[in-house]
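Beneath this line is the structure, given in structure tokens, with notes to follow.
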Amino acid sequence: MRLIASILALTLFVMVLPSCSLPFYWQAASGQMELLRKRVAIERILEDPAAEGSLKDALRVVAEIREFAITELQLPDNGSYTSYADLGRPYVVWNVVAAEEFSVEPQQWCFPFAGCVSYRGFFKREKATAFERTLAVEGLDTYSGGSSAYSTLGYFADPVLNTMLAPSSDAIAALLFHELAHQKLYVKGDSELSEAFASTVEEFGTRAWLKRQHNAEGIARYEQRLSERAAFAELVAAAQQRLGAIYALDLTAERKRAAKAAALEQMLTDYAAAKMSGAMSSAYDAWFAQPLNNAVLASVATYRRWVPALRWRLETRGLKQFYADVTALAAQDIELRTVALESWAVAASAAGDAPDAG
């Protein structure tokens with residue numbers, strides 16, 4: 001009955017949209033209906049003697065992580081991640097990001113419930129590719145990438161997906177904490193704060209989870225991964241700053257393109273130097289090997305800009321007060337919000353927390 005009600009709600013929602021929006025929203029509704037239709041209760045799988053042992057083991061870990069998220073991280077206790085769905089593909093959605101040729105700011109798209117965001121998601125890769133092509137024809141810089149998880153922000157009971165079952169428990173924990181954090185707090189029209197909040201809770205929670213497991217080796221690996229993630233984001237931030245300065249100059253389009261290419265090449269040089277110094281490994285080789293542009297850089301900055309500021313606030317105020325502080329921050333208009341976040345970033349820098357991006 002709940003599934004039927006959910007499908008009816010989605011169908012009615014699509015029917016009242018403007019006709020020009022129907023193709024995109026129909027694929028979104030269809031994709032969500034597929035997830036709802038394929039859900040199977042985790043308890044039922046664990047009790048099924050025919051279910052694969054490796055799947056059962058992974059889902060037992062999921063149940064432990066979910067309980068930890070609720071009791072220790074104060075994340076929502078609802079129907080999310082109590083069921084499982086195998087989509088038979090490596091990603092649940094493919095997100096498309098776009099930016100003007102001479103702008104570091106990503107294009108925004110506005111939707112009911114989620115507000116304005118800096119990406120557009122598709123449940124089928126070919127749909128994302130087709131949309132990306134239309135944007136490229138318009139002269140925009142574009143990027144498209146797969147995502148292992150996403151959140152309906154509590155509107156539906158999100159299932160655990162096959163795409164989320166990573167080889168290590170800390171990787172599964174990171175995904176669950178990130179998506180549940182979106183259900184805890186999501187700021188309409190502010191992708192940077194929403195994603196940075198979820199990333200901050202994800203990192204804090206994953207550290208805490210690994211400590212609870214007394215996994216010293218896992219903690220060391222995770223800290224190394226976070227260190228490299230911060231170094232990577234700093235490279236992206238530096239490139240964006242160089243590009244922003246170039247775009248602000250009164251130059252011809254041809255000269256701006258040449259300077260843009262040089263700035264992106266400098267980022268590649270900086271990456272090679274970071275690997276030589278030991279600050280980074282080859283983990284990001286594939287990312288740097290792709291065609292780089294404003295949209296590719298923006299896809300990183302959206303997640304990382306405010307992380308150091310929020311991490312500092314969490315570490316100095318504690319988890320409960322941190323949630324209250326960010327909730328109060330989210331209620332302010334974006335100008336006041338930005339001023340407050342910048343002041344937190346300054347405090348974080350003074351305390352020795354180097355900026356990730358922005």
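Numbering starts fresh at 1 for the residues of each chain in the structure tokens, the chains themselves are lettered A, B, ... in the order given, and ligands are numbered from 1 as they appear.
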
| Which neighbours of Ser148 of chain A fall inside 7 Å, counting only C-alpha atoms, when residues of the same chain fewer than 3 positions from it are skipped, and could you give them as a VMD selection string? | chain A and resid 91 to 92 163 to 164

| said: Need to verify the contact set: Ala301 of chain A, 12 Å, only C-alpha atoms, exclusion of same-chain residues closer than 3 positions in sequence. Can you return it as a ChimeraX atom specification? | reply: /A:97,104-106,118,191-193,195-196,229-230,232-241,294-298,304-307,355-358

How would the residues just chosen look if you wrote them out with N, CA and C atoms as an mmCIF file, in the first residue's frame?
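Saved the output as selection.cif:
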```cif
data_model
loop_
_atom_site.group_PDB
_atom_site.id
_atom_site.type_symbol
_atom_site.label_atom_id
_atom_site.label_comp_id
_atom_site.auth_asym_id
_atom_site.auth_seq_id
_atom_site.Cartn_x
_atom_site.Cartn_y
_atom_site.Cartn_z
ATOM 1 N N VAL A 97 27.229 18.627 -14.428
ATOM 2 C CA VAL A 97 27.585 19.959 -13.948
ATOM 3 C C VAL A 97 27.981 20.794 -15.158
ATOM 4 N N VAL A 104 34.024 30.418 -12.989
ATOM 5 C CA VAL A 104 34.273 29.272 -12.099
ATOM 6 C C VAL A 104 32.989 28.854 -11.378
ATOM 7 N N GLU A 105 31.912 29.623 -11.523
ATOM 8 C CA GLU A 105 30.670 29.316 -10.825
ATOM 9 C C GLU A 105 29.829 28.336 -11.632
ATOM 10 N N PRO A 106 29.346 27.260 -11.018
ATOM 11 C CA PRO A 106 28.514 26.303 -11.759
ATOM 12 C C PRO A 106 27.122 26.861 -12.035
ATOM 13 N N SER A 118 23.547 22.811 -8.011
ATOM 14 C CA SER A 118 24.551 23.054 -9.043
ATOM 15 C C SER A 118 24.836 21.807 -9.888
ATOM 16 N N SER A 191 23.962 24.536 -2.383
ATOM 17 C CA SER A 191 24.614 23.232 -2.549
ATOM 18 C C SER A 191 25.925 23.167 -1.778
ATOM 19 N N GLU A 192 26.665 24.280 -1.744
ATOM 20 C CA GLU A 192 27.975 24.267 -1.090
ATOM 21 C C GLU A 192 27.858 23.978 0.397
ATOM 22 N N LEU A 193 26.914 24.628 1.079
ATOM 23 C CA LEU A 193 26.757 24.380 2.509
ATOM 24 C C LEU A 193 26.176 22.987 2.752
ATOM 25 N N GLU A 195 26.376 20.226 0.951
ATOM 26 C CA GLU A 195 27.345 19.164 0.698
ATOM 27 C C GLU A 195 28.502 19.218 1.697
ATOM 28 N N ALA A 196 28.937 20.412 2.064
ATOM 29 C CA ALA A 196 30.023 20.519 3.045
ATOM 30 C C ALA A 196 29.569 20.001 4.409
ATOM 31 N N ARG A 229 42.788 13.871 0.207
ATOM 32 C CA ARG A 229 41.583 14.555 -0.252
ATOM 33 C C ARG A 229 41.715 16.059 -0.050
ATOM 34 N N ALA A 230 42.284 16.455 1.100
ATOM 35 C CA ALA A 230 42.480 17.880 1.377
ATOM 36 C C ALA A 230 43.501 18.479 0.419
ATOM 37 N N PHE A 232 44.218 17.433 -2.574
ATOM 38 C CA PHE A 232 43.556 17.485 -3.876
ATOM 39 C C PHE A 232 42.654 18.710 -3.981
ATOM 40 N N ALA A 233 41.844 18.922 -2.955
ATOM 41 C CA ALA A 233 40.932 20.059 -2.966
ATOM 42 C C ALA A 233 41.681 21.387 -2.983
ATOM 43 N N GLU A 234 42.837 21.439 -2.315
ATOM 44 C CA GLU A 234 43.640 22.661 -2.344
ATOM 45 C C GLU A 234 44.158 22.950 -3.752
ATOM 46 N N LEU A 235 44.545 21.906 -4.478
ATOM 47 C CA LEU A 235 44.982 22.096 -5.862
ATOM 48 C C LEU A 235 43.849 22.656 -6.707
ATOM 49 N N VAL A 236 42.644 22.119 -6.519
ATOM 50 C CA VAL A 236 41.480 22.597 -7.265
ATOM 51 C C VAL A 236 41.170 24.048 -6.898
ATOM 52 N N ALA A 237 41.247 24.362 -5.599
ATOM 53 C CA ALA A 237 40.969 25.721 -5.139
ATOM 54 C C ALA A 237 41.964 26.714 -5.731
ATOM 55 N N ALA A 238 43.228 26.356 -5.740
ATOM 56 C CA ALA A 238 44.254 27.251 -6.297
ATOM 57 C C ALA A 238 44.020 27.491 -7.777
ATOM 58 N N ALA A 239 43.631 26.427 -8.492
ATOM 59 C CA ALA A 239 43.351 26.575 -9.923
ATOM 60 C C ALA A 239 42.143 27.470 -10.147
ATOM 61 N N GLN A 240 41.110 27.293 -9.317
ATOM 62 C CA GLN A 240 39.930 28.145 -9.453
ATOM 63 C C GLN A 240 40.261 29.613 -9.182
ATOM 64 N N GLN A 241 41.113 29.861 -8.212
ATOM 65 C CA GLN A 241 41.509 31.238 -7.915
ATOM 66 C C GLN A 241 42.264 31.859 -9.085
ATOM 67 N N ASN A 294 36.069 24.303 -16.285
ATOM 68 C CA ASN A 294 35.442 24.950 -15.128
ATOM 69 C C ASN A 294 34.441 24.038 -14.421
ATOM 70 N N ALA A 295 33.668 23.260 -15.191
ATOM 71 C CA ALA A 295 32.645 22.400 -14.596
ATOM 72 C C ALA A 295 33.271 21.266 -13.794
ATOM 73 N N VAL A 296 34.362 20.705 -14.299
ATOM 74 C CA VAL A 296 35.055 19.624 -13.580
ATOM 75 C C VAL A 296 35.546 20.142 -12.231
ATOM 76 N N LEU A 297 36.131 21.334 -12.225
ATOM 77 C CA LEU A 297 36.624 21.916 -10.972
ATOM 78 C C LEU A 297 35.469 22.251 -10.038
ATOM 79 N N ALA A 298 34.382 22.775 -10.593
ATOM 80 C CA ALA A 298 33.231 23.152 -9.763
ATOM 81 C C ALA A 298 32.609 21.938 -9.085
ATOM 82 N N ARG A 304 33.541 20.789 -1.135
ATOM 83 C CA ARG A 304 34.644 20.993 -0.205
ATOM 84 C C ARG A 304 34.818 22.416 0.337
ATOM 85 N N ARG A 305 34.214 23.422 -0.262
ATOM 86 C CA ARG A 305 34.559 24.802 0.080
ATOM 87 C C ARG A 305 34.486 25.090 1.578
ATOM 88 N N TRP A 306 33.385 24.685 2.220
ATOM 89 C CA TRP A 306 33.183 25.065 3.619
ATOM 90 C C TRP A 306 33.563 23.965 4.607
ATOM 91 N N VAL A 307 34.152 22.874 4.144
ATOM 92 C CA VAL A 307 34.473 21.769 5.053
ATOM 93 C C VAL A 307 35.404 22.185 6.191
ATOM 94 N N PRO A 355 42.572 25.286 4.409
ATOM 95 C CA PRO A 355 41.349 25.215 3.596
ATOM 96 C C PRO A 355 41.396 24.079 2.598
ATOM 97 N N ASP A 356 40.249 23.415 2.391
ATOM 98 C CA ASP A 356 40.151 22.354 1.390
ATOM 99 C C ASP A 356 39.968 22.948 0.008
ATOM 100 N N ALA A 357 39.050 23.875 -0.104
ATOM 101 C CA ALA A 357 38.762 24.486 -1.413
ATOM 102 C C ALA A 357 37.935 25.726 -1.186
ATOM 103 N N GLY A 358 37.843 26.535 -2.242
ATOM 104 C CA GLY A 358 36.990 27.709 -2.153
ATOM 105 C C GLY A 358 37.741 28.951 -2.528
#
```

| In segment 156-342 of chain A, DSSP alpha helix (DSSP H) residues written as a PyMOL selection string | chain A and resi 169-184+191-212+216-247+253-277+285-289+294-304+307-317+319-330+334-342

Closest atom pairs, residues of segment 72-169 of chain A within 10 Å of segment 37-43 of chain A, only C-alpha atoms, as CSV:
```
residue,atom,partner,partner_atom,distance
A:Tyr81,CA,A:Ile42,CA,8.4
A:Thr82,CA,A:Ile42,CA,5.8
A:Ser83,CA,A:Ala41,CA,4.1
A:Tyr84,CA,A:Val40,CA,5.2
A:Ala85,CA,A:Arg39,CA,4.7
A:Asp86,CA,A:Lys38,CA,7.1
A:Leu87,CA,A:Lys38,CA,7.8
A:Ala157,CA,A:Arg39,CA,9.7
A:Asp158,CA,A:Arg39,CA,8.9
A:Pro159,CA,A:Arg39,CA,6.4
A:Val160,CA,A:Arg39,CA,8.6
A:Leu161,CA,A:Arg39,CA,9.0
```

| task | Please provide the set of residues having any atom within 12 Å of Phe322 of chain A, restricted to only C-alpha atoms, with same-chain residues fewer than 2 positions apart removed, written as a PyMOL selection string. | result | chain A and resi 73-74+185+197+200-201+204+309-320+324-329

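Closest approach to Phe111 of chain A among A:Phe177, A:Tyr155, A:Phe131, A:Tyr25: A:Tyr25, based on only C-alpha atoms.
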
| Those of segment 44-242 of chain A in DSSP strand (DSSP E or B), formatted as a ChimeraX atom specification | /A:83-85,93-99,106,109-111,115-117,120-122,141-147,160-161

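Near segment 268-282 of chain A, within 8 Å and counting only C-alpha atoms, sit A:Ser227, A:Glu228, A:Ala231, A:Phe232, A:Leu235, A:Leu264, A:Glu265, A:Asp285, A:Phe288, not including residues fewer than 3 positions from it in the same chain.
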
Using the selection just defined, write its residues with N, CA and C atoms as a tab-separated table (two decimals), in the first residue's frame.
```tsv
chain	number	residue	atom	x	y	z
A	227	SER	N	43.91	13.18	4.20
A	227	SER	CA	45.02	14.09	3.92
A	227	SER	C	45.16	14.32	2.42
A	228	GLU	N	45.08	13.25	1.65
A	228	GLU	CA	45.17	13.38	0.20
A	228	GLU	C	43.97	14.11	-0.37
A	231	ALA	N	44.59	17.75	0.15
A	231	ALA	CA	45.61	18.24	-0.77
A	231	ALA	C	45.04	18.39	-2.18
A	232	PHE	N	44.22	17.43	-2.57
A	232	PHE	CA	43.56	17.49	-3.88
A	232	PHE	C	42.65	18.71	-3.98
A	235	LEU	N	44.54	21.91	-4.48
A	235	LEU	CA	44.98	22.10	-5.86
A	235	LEU	C	43.85	22.66	-6.71
A	264	LEU	N	45.17	25.58	-16.18
A	264	LEU	CA	44.84	24.17	-15.99
A	264	LEU	C	46.09	23.30	-16.10
A	265	GLU	N	47.01	23.69	-16.99
A	265	GLU	CA	48.27	22.97	-17.11
A	265	GLU	C	49.10	23.13	-15.85
A	285	ASP	N	45.10	10.07	-10.28
A	285	ASP	CA	45.60	10.10	-11.66
A	285	ASP	C	44.48	10.13	-12.68
A	288	PHE	N	42.83	13.63	-12.92
A	288	PHE	CA	43.64	14.62	-13.61
A	288	PHE	C	43.87	14.27	-15.08
```

| said: Set the distance at 9 Å and use only C-alpha atoms: which residues neighbour Ala28 of chain A once local chain neighbours fewer than 3 positions away are removed? I'd like the list as a ChimeraX atom specification. | reply: /A:23-25,31-33,121-123

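You can rank A:Ala29, A:Ala128, A:Ile70, A:Leu292 by their closest distance to Leu180 of chain A using only C-alpha atoms, and at the top of that list sits A:Ile70.
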